[in-house]
Amino acid sequence: MNTADKGMSLQVPGQPKARYNSLYSDDEMLDDEDSTPWQNGELSSLQGSVYLPKTGKLATAAKEDSSQLSAVIRMGWLDKNPPQGALYYQRRWVKLDVDYLRYFDNDKEVYSKGIISTAFITDVNRVGELKFEVATSNRTFIFRAESEVERDLWMDALEGCTGGRHQRYTMNSGLTLAPDHQGYLELKGLRSKLYTVVASDKVFLYKNIDDYRIGVGITSIDMNVGNVKDSDRRSFDLTTPYRIFSFIAESEQLKEQWVDAMRNAIDEALSNSEVADRIWAEPSNSFCADCGAPKPEWAAINLCVVVCKRCAGEHRGLGPSISKVRSLKMDRKVWTEELMQLFLLLGNERVNSFWAANVPPSEALTPSSCSEDRRRFITNKYRQGKYRKYHPLYGNQKELNSALCINVQCSDVLETLSLIFCGADVNCSTGMASWPSALSLANAHSQPLQAELISHNLNTELPSDLDGAMETKHYLPSPCVSHNGFLFKTASMARAITERKAREEFSRRWCMLNDGTFSYYESDKNSNPNGTLKASEIVCLAVDPPEKHGYDNTFELYSESERLYLFGTDDPDSHKEWVKSIAKSFIPASAEPLLRLGFERIGRLKCKDGLNLQTSKVGWFALVGSTLHAYLENNQGEEIHLRKLNELSIQQDNEVLVLVERGRTLYIEGERKLDFAGWCGAIQTAAGSGGDTLSQQQLTETDIPVIVHSCIGYITQCGLTSEGIYRKSGVNSRVAGLCERFRQDARSVRLREGEHQVDDVSNTLKRFFRELEEGLFTLEDARAWLSIAAIQDESMKISQYQLLLNRLPRVNKATLQALINHLYCVQRFSELNQMNLHNLAIVFGPTLFQTDGKDYTAGRAIEDLIQHYTLIFEVDEQQLKKQLEEITVIIQVREKLNTKFPSTEPGGHFICTVYLEEKKDTAEQHVKIPGSMTAAELTCEVLDRRNIAVKDKEYWSCWEVSDKEEMERPLHYQERVLPILHSFGTDSHLLIKKHLAMEAMIVYLTSKVDVSKHGMMKFREERSILGLGLSSGSFHDRYFILNSNSLRMYKEVRSNRPERDWPVKNLRVYLGIKKKLRPPTCWGLTVVYESKKQERQERQQWYLCCDTQSEMREWYATFLSIQYDGNVWPQDGLQQTRVSRVLPDTRHGNVSLIPLRGSENEMRNSVAAFSQDPLALFRDVR
Ligand SMILES: [Zn+2]
């Protein structure tokens, strides 16, 4: 017996003495100086009891032990570090699977000397030559490989098992198996007891409980080969084909428990392997469908693939709507006979003929692929369907559906799979009354496997065929571009380059672009590249401005795996050539015109636009100056003029760049962080004003600088009656400040009366023109314009001006026309503002021609332009007349308001259209809204006008109704109306109608002891930009707790920490959810949260959906009650809220909603106060 053992143990050269196989790890033997059994002469007794005689058959048995081999990622000989105090490395056979790193005396052993749970490995590091260390929280193991290559392979494999999972899927951890039974057991012959754990289908042995807690054990015993035999009193034997473990429990009673627990583990192991054994009977199922690892124990039951544990983790990451992951061993219940039959009939190989019909060899996985690669591959394969075999009917929904309905009647399940994942709708109507669905049709035709397949895919999210042609194009092999030469390269980076890279940081490299791969070598003599980058992995190429880094000409390459490579050269021609070649290698033919541009940045980005916000597509972009060129669909090139955008913002935690143009909005998504950040920066810079000439400004759609447009608009609204407008000077510091703000980002400047003074704004406009580089009339032609002023003959003069006008660049011409039009209007009201033609010309002549003003030539030219405005600019007289009429109305209304209640009513007014009961012309009321008016007052006012008496239990309220958003909100009776009006969009209106649910809400609230509520609701989020929703997923169940402080959202009832926490008092809750979002029920609430973070207004919007109407009312009532401290309705009825006050005559004609924003201080203050704290206003009313 001992001889047999000795024969098995391996004598490591240089080892001082032969060592016997033991159940103790090396550490234990030498750590515990004198307590190890070997040193106490108990070796033989231990061996006698623990070790079975080894027969020749054992070695082969070990190899066939499926459970041990199942998920081995890597195995081989390594030298393990000497335990403390010892000098010699010990040669060990080491095996790694996803859950454990084990080491054995030799490769024939079944039971390890040591087992380390990978879940507890905190770090894997290279240490010294050929060595690496595996660290757990309080023990470090050092291994030495035979070569650097070996060492690196081990490192990679270990990192794959630890790093990837730690960051993302802790569910992979083997130790999450809850122990079924645990405690100390004596192993016959060993003096100290072992901490023994029975978990699922395994028994683990640890030296003590502390080791158990840190995941470092001796060995594990697979119970599928075990047998438990009761011996006498406290002892029992666990026999396996390889060893007998003779245990002694602490009492007879405990022995019974141990025996039971171990027998259960055997049962479990046997039944566990039952499903797996059957599924693996189809040979291709015994290898992972994604990476090829042997004995895969998991399956995606809707996709019909059997996968290994590591791939299953990535499948889970896709979410159950894409992949429903189940274990072959643990989820026995789902494995119905039909499902097993389905898996046997299909099998990984046949299924992959669909799913993996077109996998580029470079993208294929191997059992040792890292988590990152797995994630990418599995996402590509199942979420995007990138490698699938397209069904001939692909894209033709109707035919796909009918093909599905026909096919489910036969036994070809692979065809059904192909139809489903190419877009056939499993929920489509068959058109047959008795079998309305594909599922019922399959059942009716006795096709249980078809039914099984369909039933697992009733709610599956289909691979998004988002980019159709673009996507397939993108993955075509790159065009054959080749180029080579020396370049200087810095180390690649995972972060953006923020600092200048000095020459010393670059190293000379021989670079080659060939066969769609870019490689760099130590020198042109080397044949092994230092690094390679496939052209298909390049997502962006950015050309730096000259002299940004130590080398004059540099460019950056961004890879799909978020690396950034910087290359440089002193030779501008070589630089150009490289940029051209590299761009050509990764830009698809469909976006080929981009290559002809002198781009600063080129690459691909994911984006969505207004037409289809549901799916994003791949777009190819190139940035040239302030123009973004884009190829979003096949062959449809378009240009986005960044300086003309209405809005440019980064939303959703820096993940979406929103570009709002006239008539359309483009959302660029940050698919990867690194290149996206680069694009955002470049686009933002390009969208800002680029310089001091006219065409470099941010422009409106009509090619007028935003600054000019804003100032003219403001003066027209607020300054036409201001005496000496344009002549009086503003406050210099304020004018300079405004100029600067416009220069930084003109689009973001909002001119508001009260906040900005008329004279400051008028002088800002003047200063802009005076300092304009090259002037409004251009350097070349300014003199010519001036010379015309001297011409006597009127008609000749006019035609000369027209000639010059048509020579102006587009932007100059549009700007000049807008300005002269404005000045024309100003002088038409000179009775009010004292600025006649001549006065304006005196001011604007020298300003526009940038002269010193010593003579009147410039003034005369401007006088001509204003005087002959309609002729020179060929203005439509009718149009002009209409414009002047509008201005007259503005002036009249302003006068009326300013003079009629100048002192008696200090509050601001706003004329507003309010509807009674429904929005239609005949129900329209025009009401002047003083700053102090509450919702109750407005309601009474309207009811009074219509002589409607309020009856008992009638809850008339004023509602804020948003037409487009399909939601409404009853204003609280004490809420002030004016701030609400100011927060309105144009698609909202006020409506007076009864609040039918109020009675029920009051009843509910009085029944409650404390005001709070908790329960499940369906949640969906949206951050809204200009009312255009960004769809972000669908509705999900969440658990909510609403109390006096906050609304908290939890992932589930048992979660400890809320996912979100909002202060209730800053929320505005609307009834209803827009239908576009497809809320699961019609009882939804839209919640708006507005906060002011560092000057920037942030608005979030999300949706809560309840199962019943009464649920929704209860939530709403609770919100209301908390926000108004229980005061939801006036105690004595609505009429009593009316304060006695003299209501001015507020009946105006149809002059509604003329933008008089902010004309009174109080209104402004109230608006400001509102945005600070929406409820402050209501509090002081009480
Ligand atoms: Zn796999």
# chains A, B, ... in the order shown; residues from 1 in each chain; ligands from 1
>>> residues_near_ligand(ligand="ligand 1", cutoff="8 Å", atoms="only C-alpha atoms and all ligand atoms", output="PyMOL selection string")
chain A and resi 287-293+296+307-312+365-367
>>> residues_around(residues="range 703-718 of chain A", least_positions_apart="4", cutoff="6 Å", atoms="only C-alpha atoms", output="tab-separated table (two decimals) with all heavy atoms, in the first residue's frame")
chain	number	residue	atom	x	y	z
A	697	GLN	N	-19.28	82.99	-36.66
A	697	GLN	CA	-20.18	83.05	-35.50
A	697	GLN	C	-21.15	81.88	-35.52
A	697	GLN	O	-21.36	81.24	-36.54
A	697	GLN	CB	-21.00	84.35	-35.54
A	697	GLN	CG	-20.18	85.61	-35.65
A	697	GLN	CD	-19.19	85.75	-34.52
A	697	GLN	OE1	-19.56	85.60	-33.36
A	697	GLN	NE2	-17.93	86.00	-34.83
A	698	GLN	N	-21.74	81.64	-34.37
A	698	GLN	CA	-22.88	80.72	-34.33
A	698	GLN	C	-24.01	81.41	-35.08
A	698	GLN	O	-24.29	82.58	-34.85
A	698	GLN	CB	-23.30	80.45	-32.90
A	698	GLN	CG	-22.30	79.62	-32.14
A	698	GLN	CD	-22.69	79.40	-30.70
A	698	GLN	OE1	-23.71	79.90	-30.25
A	698	GLN	NE2	-21.89	78.64	-30.00
A	699	LEU	N	-24.64	80.66	-35.97
A	699	LEU	CA	-25.62	81.28	-36.86
A	699	LEU	C	-27.02	80.74	-36.65
A	699	LEU	O	-27.20	79.62	-36.18
A	699	LEU	CB	-25.21	81.02	-38.32
A	699	LEU	CG	-23.84	81.53	-38.75
A	699	LEU	CD1	-23.54	81.07	-40.17
A	699	LEU	CD2	-23.77	83.05	-38.66
A	746	ALA	N	-23.10	81.87	-27.85
A	746	ALA	CA	-24.22	82.78	-28.10
A	746	ALA	C	-25.56	82.08	-27.94
A	746	ALA	O	-26.53	82.66	-27.48
A	746	ALA	CB	-24.10	83.36	-29.51
A	811	VAL	N	-23.63	85.19	-45.49
A	811	VAL	CA	-23.89	85.57	-44.10
A	811	VAL	C	-23.93	87.09	-43.95
A	811	VAL	O	-24.81	87.64	-43.27
A	811	VAL	CB	-22.83	84.96	-43.16
A	811	VAL	CG1	-23.04	85.42	-41.73
A	811	VAL	CG2	-22.88	83.44	-43.24
A	815	THR	N	-27.19	89.20	-42.76
A	815	THR	CA	-27.06	89.99	-41.54
A	815	THR	C	-27.37	91.46	-41.81
A	815	THR	O	-28.08	92.11	-41.04
A	815	THR	CB	-25.62	89.86	-40.99
A	815	THR	OG1	-25.32	88.47	-40.86
A	815	THR	CG2	-25.49	90.53	-39.64
>>> closest_residue(among="A:Glu669, A:Asp952, A:Asp237, A:Asp97", to="Leu657 in chain A", atoms="only C-alpha atoms")
A:Glu669
>>> select_by_dssp(residues="range 531-626 of chain A", states="alpha helix (DSSP H)", output="list of chain:residue names")
A:Pro572, A:Asp573, A:Ser574, A:His575, A:Lys576, A:Glu577, A:Trp578, A:Val579, A:Lys580, A:Ser581, A:Ile582, A:Ala583, A:Lys584, A:Ser585, A:Phe586
>>> closest_atom_pairs(of="range 323-404 of chain A", to="range 140-162 of chain A", cutoff="7 Å", atoms="only C-alpha atoms", output="CSV")
residue,atom,partner,partner_atom,distance
A:Ser368,CA,A:Ala157,CA,6.4
A:Cys370,CA,A:Gly160,CA,5.0
A:Ser371,CA,A:Gly160,CA,5.9
>>> write_last_selection(atoms="N, CA, C and O atoms", output="PDB file, in the first residue's frame")
ATOM      1  N   SER A 368     -10.407  29.672 -23.636  1.00  0.00           N
ATOM      2  CA  SER A 368      -9.633  30.517 -22.733  1.00  0.00           C
ATOM      3  C   SER A 368      -9.815  32.009 -23.026  1.00  0.00           C
ATOM      4  O   SER A 368      -9.107  32.837 -22.486  1.00  0.00           O
ATOM      5  N   CYS A 370     -10.871  35.819 -22.927  1.00  0.00           N
ATOM      6  CA  CYS A 370     -11.091  36.647 -21.734  1.00  0.00           C
ATOM      7  C   CYS A 370     -12.551  37.135 -21.694  1.00  0.00           C
ATOM      8  O   CYS A 370     -13.273  37.056 -22.682  1.00  0.00           O
ATOM      9  N   SER A 371     -12.942  37.622 -20.542  1.00  0.00           N
ATOM     10  CA  SER A 371     -14.339  38.028 -20.347  1.00  0.00           C
ATOM     11  C   SER A 371     -14.752  39.101 -21.338  1.00  0.00           C
ATOM     12  O   SER A 371     -15.872  39.116 -21.843  1.00  0.00           O
TER      13      SER A 371
END
>>> residues_around(residues="range 533-546 of chain A", least_positions_apart="2", cutoff="6 Å", atoms="only C-alpha atoms", output="ChimeraX atom specification")
/A:516-518,548,552-560,585-586,600-604
>>> residues_around(residues="Ala790 in chain A", least_positions_apart="3", cutoff="10 Å", atoms="only C-alpha atoms", output="list of chain:residue names")
A:Trp785, A:Leu786, A:Ser787, A:Asp793, A:Lys797, A:Thr857, A:Arg860, A:Ala861
>>> atom_distance(atom1="CA of Val408 in chain A", atom2="CA of Glu274 in chain A")
29.3 Å
>>> residues_around(residues="Asp1010 in chain A", least_positions_apart="4", cutoff="10 Å", atoms="only C-alpha atoms", output="list in words")
Leu1005, Thr1006, Asn1043, Ser1044 and Thr1118 of chain A
>>> atom_distance(atom1="CA of Ser455 in chain A", atom2="CA of Asn272 in chain A")
24.2 Å
